[in-house]
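Below is one structure, written out as structure tokens; the observations come after it.
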Amino acid sequence: MHDTSTHAAAHHGPPTSFIRKHVFSLDHKVIGKQYYGLGLVAVIIGMVLSWVMRIHLAWTAYPIPGLHLLSGTGAPGNVMTPEFYLQVMTMHATFMVFFVLTVVPFAAFGNFFLPIHTGAEDMPFPHFNMMSFWTTFVAFCVMLLSFFVGDGPTLGGWTQYAPLSAVGAVAGPGQGSGVIIWATSIAIFCVGQLFGALNFIPNVLDLRCKGMSMWRLPMPTWAWFITSCMGLTSFSVLMPACILLILDHVAGTSFFVASNLVINDQLQPHSGGSTLLWQHLFWFFGHPEVYIAIVPGMGIVSHVLITNMRKPMLSHRVLVYSMGALAVLSYMVYGHHMFVSGMNPFSSLVFSFPTLLITIPSTVIVLVWIGSLYGAKLRINAASLFALGFISMFITGGVSGFFLAQPSIQILLHATYFVVAHFHFTMAIAALFGIFSGTYFWFPKMWGRMMNDNLGKLHFWLTFIGVYAIFMPMHYLGLAGNVRRYQAFVVDYMQPLVGVHQFITIAALFTGAVQLIFIYNFIHSRFWGEPAPENPWQGTSLEWSVPSPPPHDNFGGKHPVVYHDPYQYGVQSSTGDYLMQDSPEQVKGAQDEP
Amino acid sequence: MATTIHEPPKVEERRLPGRGSPGNGDFRNLVPSDGKLPAVQDYAPAPAKTGIWVVLAAIAMSFAAFTSALIVRQGSAMDWHHLVLPRILYLNTLVLLASSVTLEIARRRVAVFMTGARTLDLSPARWLYVTLCLGLVFVAGQYAAWQQLRSEGLYLATNPASSFFYLLTAIHAMHVLGGLVGLTYVMRKLYRVVLRRSTLDTFSYYWHFMGILWVYLLLLLWMKL
């Protein structure tokens with residue numbers, strides 16, 4: 001299956017002005033870096049918010065200096081009110097899920113490397129691509145604004161369950177203007193991500209260079225392609241949901257609010273709405289979103305591991321098919337988030353089946369990784385360590401998923417820390433490890449300098465230990481009945497668990513502090529790191545055939561021609577034990593996909 | 001270690017008007033002066049055609065979400081009072097469908113026009129104007145329908161049926177207005193004689209989809225589910 005497309009992407013010359021070069025740039029590489037920077041800011045905000053929560057959970061009455069700056073009314077004496085705790089929790093989740101886990105593995109790395117992997121000189125629609133970033137940036141600013149408007153951000157969680165999210169200020173601080181700002185920001189974010197999909201999908205389908213068949217695409221590009229298909233179909237459902245939510249607030253409609261609802265002794269002027277409708281619309285987006293966060297990481301980790309194992313995976317096709325199966329099944333399992341919502345128990349059973357089924361492609365992916373690693377002489381560096389860490393986190397989180405897939409167990413554990421541990425391992429920490437792995441691996445190509453690998457390894461080990469110290473005890477907390485979303489554990493049976501929370505908080509502060517090593521390494525390497533050669537890891541895909549960093553049009557005016565599949569390792573070629581994709585050399589023993 | 005240099009993989013070349021061919025049928029996909037349209041169509045930039053399907057898929061998914069919301073909301077309580085649709089909507093439907101016909105006429109005339117047969121009789125711009133006017137008439141007609149409902153005391157929040165009516169028609173009308181902005185872009189390109197065939201094709205997919213979507217929405221709002 002050869003693609004014959006030889007179209008150049010967008011014919012725009014190199015930028016000359018500062019604004020065009022660094023701000024409103026059309027260059028996919030600059031846009032990728034902008035997305036990365038946005039993700040970095042968002043992750044710092046999200047992490048600081050999590051620290052605030054953790055300190056409060058461990059030492060409830062302890063004043064946190066400066067907390068009053070975040071809220072005029074939510075932190076009297078710098079001690080959180082229960083409502084402000086929920087507001088902080090909501091913002092932590094929102095920033096992390098949307099502006100970190102969606103933005104960095106998919107939009108940042110994808111923007112930078114997808115066109116290079118396909119052999120294109122840019123995205124097909126660079127103006128839309130630029131708008132994609134700036135729309136997302138506006139969404140980010142709007143979300144930040146909620147800290148400074150009215151009575152602060154919404155406290156409804158990143159899921160914004162109706163009816164409390166739809167009735168206005170009567171439901172608590174931030175439930176008026178805070179929800180409107182949240183929904184507006186997310187709707188804008190959806191537009192930005194749809195602009196992204198508009199570029200990613202045609203790039204893969206139509207802008208591949210000569211000889212670059214679909215099966216010759218590197219794993220991350222397959223992952224970004226599958227992710228953009230998921231983004232296309234899920235963000236375009238979340239946006240209408242947000243519009244309906246905003247209308248319930250500002251126009252007095254009753255999409256999500258039932259009749260005769262009394263909140264805080266006030267009869268709500270709505271009638272007949274369906275509270276479950278919001279959950280259906282939200283989770284139709286929400287579950288694919290989990291895979292939007294994790295699938296790019298799978299692609300990145302595969303790419304990093306193959307390069308460092310110096311041999312291909314057991315089967316690339318199985319990996320790609322499994323990622324595709326994850327994408328398809330992710331739409332059929334969303335109801336497992338709603339087992340306790342009061343929906344028909346038969347529906348729970350129906351959603352339970354594909355939920356168990358989705359563990360098959362996940363397991364296949366993990367087995368392919370482990371089977372490929374078996375007997376491999378893996379080069380140990382920061383990128384490969386974080387890739388291994390990704391697998392570890394994914395397995396740990398996946399195993400708890402087996403339990404939660406069954407409604408009878410999930411109903412007991414749903415509102416507990418067990419679920420917090422589960423989704424942080426699978427979706428959050430695994431994806432973050434994928435981000436770190438990609439950063440250490442591609443930093444030389446993105447910024448033209450090498451990162452300090454020893455600092456990277458130190459960063460890995462301390463982070464690895466730290467995150468397990470944070471999230472493993474949460475399984476125990478959940479099994480002990482420790483409910484989540486509570487700001488203090490004053491009930492008798494939870495009192496003995498406070499010590500565990502204090503341990504987790506110390507681990508969280510420690511793990512957060514460890515990230516300073518990464519930030520130092522990043523900034524120092526960016527300006528003073530050793531200049532990176534063109535192909536520091538002896539990789540085979542097209543990004544390693546261009547200078548570090550790549551020129552404006554990626555290939556210096558040339559149109560690359562691809563002769564091999566992306567992972568020709570363990571061969572004897574004139575360059576060593578690998579064969580570049582664009583090398584016309586034919587080597588005995590090389591196995592090329594058609 | 002045996003290494004040899006082998007030929008590039010065999011890939012099927014498109015029948016393209018080469019960069020050196022006469023006329024302007026080069027990689028920018030401008031229509032060649034020798035009028036070989038089939039070749040041009042072959043070389044229509046694929047990303048634009050794929051891109052429009054991505055856009056249409058996103059719009060279709062959004063309206064699918066609204067549809068499922070409508071169905072759930074209709075069945076969730078007894079407060080759904082089915083609307084008697086304003087009659088002007090049927091006229092609007094004819095206007096929008098007619099605009100698709102006029103756009104198709106324009107598209108075909110552009111093709112002939114680009115072959116070099118530039119006679120005034122075939123002026124495609126005229127039909128694009130007609131399409132633009134019909135699009136504006138459609139939006140004005142939708143506005144008239146909203147006015148009629150308002151005069152009957154049916155507002156956005158009056159009951160869920162009216163909520164969905166205003167919501168779906170307004171969002172569709174916004175998409176139509178977006179299409180009209182696109183049409184003016186196409187017309188500007190035509191006047192500058194830099195219109196790509198693929199641009200017009202892409203726009204026509206969008207516009208025809210707006211017509212199909214409207215017929216779907218009309219049926220959805222008309223039916224008692």
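Identifiers in this document derive from the order of the structure tokens: chains are assigned A, B, ..., residues are numbered from 1 separately in each chain, and ligands are numbered from 1 in order of occurrence.
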Distance query Val138 of chain A at most 9 Å, only C-alpha atoms, self and fewer than 4 positions along chain excluded, as a list in words: Phe133, Trp134, Val142, Met143, Ser185, Ile188 and Phe189 of chain A
With a distance threshold of 7 Å and counting only C-alpha atoms, extract the residues of chain A near chain B and express them as a PyMOL selection string. chain A and resi 2+4+124+198+202-203+206+211+232-233+236-237+240+251-255+272-274+277+563+572-573+584-588
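Atom to atom, atom CA of Val350 of chain A and atom CA of Val320 of chain A stand 26.4 Å apart.
Our summary of the geometry notes that atom CA of Asn535 of chain A is positioned 18.3 Å from atom CA of Lys558 of chain A.
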Long-range neighbours of Val301 of chain A as a list in words, 8 Å cut-off, only C-alpha atoms, 6 positions minimum in chain: Ser384, Ala387, Phe390, Gly434, Ser437 and Gly438 of chain A
